[in-house]
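*Asks:* I have a structure I would like to understand better, so I am pasting it below and will then ask my questions one at a time.
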Amino acid sequence: MSCIDVVREEIKKRDSALPVGGATQINDSTLFVTFFDYSIDSVSEKWVIFGCDCELVYFDDEKPYK
């Protein structure tokens, strides 16, 4: 499973889907994702950080660093 698949699974838990082009890679371990979140009926933007072996370490609205 690739790291983007891990993000897709997390988004799928919200009965939503990651659209094509919905993920922007910031660096080796950080993504910024945008998707329509059907659980809140709105567009969501999330910061994602991966650990080793694509372990999901952070998945939240707030930017994890400045």
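FYI, nothing fancy with the structure tokens labels: chains A, B, ... in order, residues from 1 per chain, ligands from 1 as they appear.
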Would you list the contacts of range 24-35 of chain A as an NGL selection string, taking every protein, DNA or RNA residue within 6 Å and counting only C-alpha atoms, but skipping same-chain residues closer than 3 positions in sequence?

*Replies:* :A and (18 or 43-50)

*Asks:* Could you tell me, as an NGL selection string, which residues of chain A DSSP assigns to strand (DSSP E) when given the backbone?

*Replies:* :A and (23-27 or 30-37 or 42-50 or 56-60)

*Asks:* Which residues, written as a VMD selection string, have at least one atom at most 10 Å from range 52-54 of chain A, with only C-alpha atoms counted and residues fewer than 2 positions away on the same chain left out?

*Replies:* chain A and resid 1 to 7 29 49 to 50 56 to 57

*Asks:* Nearest to Phe59 in chain A: which of A:Ile40, A:Gly22, A:Glu10, A:Ser16 is it, counting only C-alpha atoms?

*Replies:*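 Using only C-alpha atoms, Phe59 in chain A sits closest to A:Glu10.
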